[in-house]
There are 2 protein chains.
Amino acid sequence: MASGFRWRSWISSRSSGERKALAQKIKLSTIADALGVSTATVSLALRDSPLVAGNTRDRIKEHARAIGYIYNRRAASLRTSRSGIVGVVVHDIMNPFFAEILRSIESELDRSRQTFILSNHYDQLEKQRTFIDTLLQLGADGVIMSPAIGTPPEDIFMAEENGLPAVLIARTVEGADVPVFRGDDAYGTGLATNHLISLGHKRIAMVGGTDQTSTGRDRYQGYVNAMEAAGLEVRPSWRIAGPRTKQAGFEAAGQFLALKDKPTAACCWNDLVAIGLMNGIARAGLVPGIDISVTGYDDLEEAAIATPALTTVWNGQREVGRRAASALLDKLNGQMVRPSQELIKPELHVRQSTGKPVERA
Amino acid sequence: MASGFRWRSWISSRSSGERKALAQKIKLSTIADALGVSTATVSLALRDSPLVAGNTRDRIKEHARAIGYIYNRRAASLRTSRSGIVGVVVHDIMNPFFAEILRSIESELDRSRQTFILSNHYDQLEKQRTFIDTLLQLGADGVIMSPAIGTPPEDIFMAEENGLPAVLIARTVEGADVPVFRGDDAYGTGLATNHLISLGHKRIAMVGGTDQTSTGRDRYQGYVNAMEAAGLEVRPSWRIAGPRTKQAGFEAAGQFLALKDKPTAACCWNDLVAIGLMNGIARAGLVPGIDISVTGYDDLEEAAIATPALTTVWNGQREVGRRAASALLDKLNGQMVRPSQELIKPELHVRQSTGKPVERA
DNA sequence: GGCCGCGTTTAAATTGTTTAGATCACGATC
DNA sequence: GATCGTGATCTAAACAATTTAAACGCGGCC
């Protein structure tokens, strides 16, 4: 009795499959039978193989179109080991920094008819692993990833070992033997910091982000290098770490304004933090760009329309996405892609959020 | 000679598949052979079927884990007609309005082990069709879509006919026989408009968005109804249509400020437009929330930290995503889901971007 | 001796790709 | 005129990894 029940419940989820099987009945053999040729010929014809005569091919393609044949990629990939799927994992799809990267990846992959599956890992290693596992199960052709904090090189090695070639964007993983595409972060924050220094600022804080990632360390290093090169003091309390969001920047304003020997400028982790910080500063009754100078990073579209317009560092997102996708495609097609670290040179875009320092009593 | 060349180029893309086939060699039969059981037993054991004895199952699972077996979903789905993939199409992934919807869809689908593929259609019908076609080829189990402008009901009918059940979010398609989940837009803009009216505003513009979608018509209608109910004039020139982005809101500021009998308040299509508009107003030297009242729509996280904090209409995004995903899952499992239109009741969140009107000479 | 239940196995099925070989027409060669 | 070679088309059959319906072996039971 009990076992009878378990049996039923176990097979209960069939209905959808049945429904689908019922609907999806047009296959290669349907076409083959209708035209009196073999399925092999149909398969070859639909893929424009030179092995089949021009007019046979035309007849087949026309008939396939007419009866609404739908190509079954699963069946095909079972044989070919290529699924036409590429995985993309980033911290958070919604972070506008990734917007442009994703767009350029999308357009690059479109060209070679690869579909992509997107996922966030929210910097949780477990989520990232689950996703990679899913990609392996689906037989994905490759993965482009911005690795989660703490990703061990073994994870990437394992993926490659199981036929899932990887390329990294935005962050690097020490010891992983794959191509990495990202901006030159140290150089970039150096640009921003030097800009502030040249305006006359001497007390400059660095707001937002963490030092747990390669990006984090590089950005902080660029700031430190610039400060030291100018003979300026770097105080630990001037490093206000935190999430990379507007909300975090907004909340950091309180901490920033309460600092002893209050800095006159903030070099922010990214545009989101910078905009949040400016909002927080404005809320406190000060005027960002006049009372406090603020720089961002990434040059999001939003930076130009913020109030005041944000001085920021353009990070080459388009390039990162395009090159990463292109390198992955090369890998898929069996070309040897050497695991280099491509650093894209950032550029400073000066706007109204930075100015000469105003000293108050 | 020429034909020889074409031949070569045609078969040239095999290398990756070969590489993968080489790496991926552990399959059901590998385990079966090692333990001296049949592949059927292994298949059943791994899926915790009651048809296989407890200790056999444990041995099989342990061995599978030890040698790093990877489940091949393509092979399985060929047989079962279920792929574990759900498609999600929206206008633009990067629009933060969809952020919360996507997050709740993600967490709902996670629970039943469905992977989802995301895509933008940027309101281009052709892109949407290509994506649906890809889903059909991959044997996706279903699709959640915010339909592109101009989507004919036949497109949705065709998908369902081919075994791809659909549910709609955010927008409806007249004549499509599927469930739709969205906010009550007319009611929502009514809330915002009435709030402005109750503060004493008489000249209120509506900024952003288009009237080509069901959402657009509903939102405009809610605004018009509220105005008329209060006996206020609705001028065509006060309807400043446009894209639904910050950039568009920013640019609309010029047009808004140049209006004859300049309105004292703007009821904006969404938070992005509202924030852009406020930035534009601030850039022109006026103070949003004092000189001009502005309302948004969606209640993005950002609304609360904008300067000034934005009065806006909460749209129940979480609910939309959760219910849509849940309805789709029901459909997949063969339950009859009636094609109802679920309207989620919006709520007004009053902040500092609205106040009593200031009349200037 | 037939039937039952249990655990397992066998064989068929899912759909498209690939490869070795079949077929045919046509000219050239002996 | 028969044989052979050749190139162009096409086909039969093997193959990919899994699921599942049906069958099987084996005690125990009536």
# chains A, B, ... in the order shown; residues from 1 in each chain; ligands from 1
call {"tool": "interface_residues", "arguments": {"of": "chain C", "to": "chain B", "cutoff": "12 Å", "atoms": "only C-alpha atoms (C1' of nucleotides)", "output": "ChimeraX atom specification"}}
result
/C:5-18
call {"tool": "write_last_selection", "arguments": {"atoms": "C-alpha atoms (C1' of nucleotides)", "output": "short mmCIF file (atom, residue, chain, number, x, y, z; two decimals), in the first residue's frame"}}
result
data_model
loop_
_atom_site.label_atom_id
_atom_site.label_comp_id
_atom_site.auth_asym_id
_atom_site.auth_seq_id
_atom_site.Cartn_x
_atom_site.Cartn_y
_atom_site.Cartn_z
"C1'" DG C 5 6.47 -9.29 -5.36
"C1'" DC C 6 10.96 -7.70 -5.44
"C1'" DG C 7 15.15 -6.21 -7.49
"C1'" DT C 8 17.34 -6.08 -11.51
"C1'" DT C 9 18.24 -6.46 -16.48
"C1'" DT C 10 17.16 -6.32 -21.38
"C1'" DA C 11 15.83 -4.14 -25.26
"C1'" DA C 12 13.57 -0.55 -27.45
"C1'" DA C 13 13.03 4.28 -27.86
"C1'" DT C 14 14.30 9.28 -28.13
"C1'" DT C 15 16.46 12.35 -32.63
"C1'" DG C 16 20.03 13.87 -35.32
"C1'" DT C 17 25.10 13.14 -37.18
"C1'" DT C 18 28.58 10.63 -39.40
#
call {"tool": "closest_atom_pairs", "arguments": {"of": "chain D", "to": "chain B", "cutoff": "12 Å", "atoms": "only C-alpha atoms (C1' of nucleotides)", "output": "JSON lines"}}
result
{"residue": "D:DG7", "atom": "C1'", "partner": "B:Ser3", "partner_atom": "CA", "distance": 11.1}
{"residue": "D:DA8", "atom": "C1'", "partner": "B:Ser3", "partner_atom": "CA", "distance": 11.3}
{"residue": "D:DA16", "atom": "C1'", "partner": "B:Ala75", "partner_atom": "CA", "distance": 8.2}
{"residue": "D:DA17", "atom": "C1'", "partner": "B:Ala75", "partner_atom": "CA", "distance": 4.9}
{"residue": "D:DT18", "atom": "C1'", "partner": "B:Ala76", "partner_atom": "CA", "distance": 4.7}
{"residue": "D:DT19", "atom": "C1'", "partner": "B:Arg79", "partner_atom": "CA", "distance": 5.8}
{"residue": "D:DT20", "atom": "C1'", "partner": "B:Ala40", "partner_atom": "CA", "distance": 8.8}
call {"tool": "residues_around", "arguments": {"residues": "Ala325 of chain A", "least_positions_apart": "5", "cutoff": "8 Å", "atoms": "only C-alpha atoms (C1' of nucleotides)", "output": "PyMOL selection string"}}
result
chain A and resi 105+108-109+144
call {"tool": "write_last_selection", "arguments": {"atoms": "C-alpha atoms", "output": "JSON list (two decimals), in the first residue's frame"}}
result
[["chain", "number", "residue", "atom", "x", "y", "z"],
["A", 105, "ILE", "CA", 29.35, 39.80, -25.27],
["A", 108, "GLU", "CA", 29.76, 39.05, -30.35],
["A", 109, "LEU", "CA", 28.17, 35.68, -29.56],
["A", 144, "ILE", "CA", 32.87, 33.60, -19.45]]
call {"tool": "residues_around", "arguments": {"residues": "Val167 of chain A", "least_positions_apart": "5", "cutoff": "8 Å", "atoms": "only C-alpha atoms (C1' of nucleotides)", "output": "ChimeraX atom specification"}}
result
/A:143-145,178-181,324,327-328
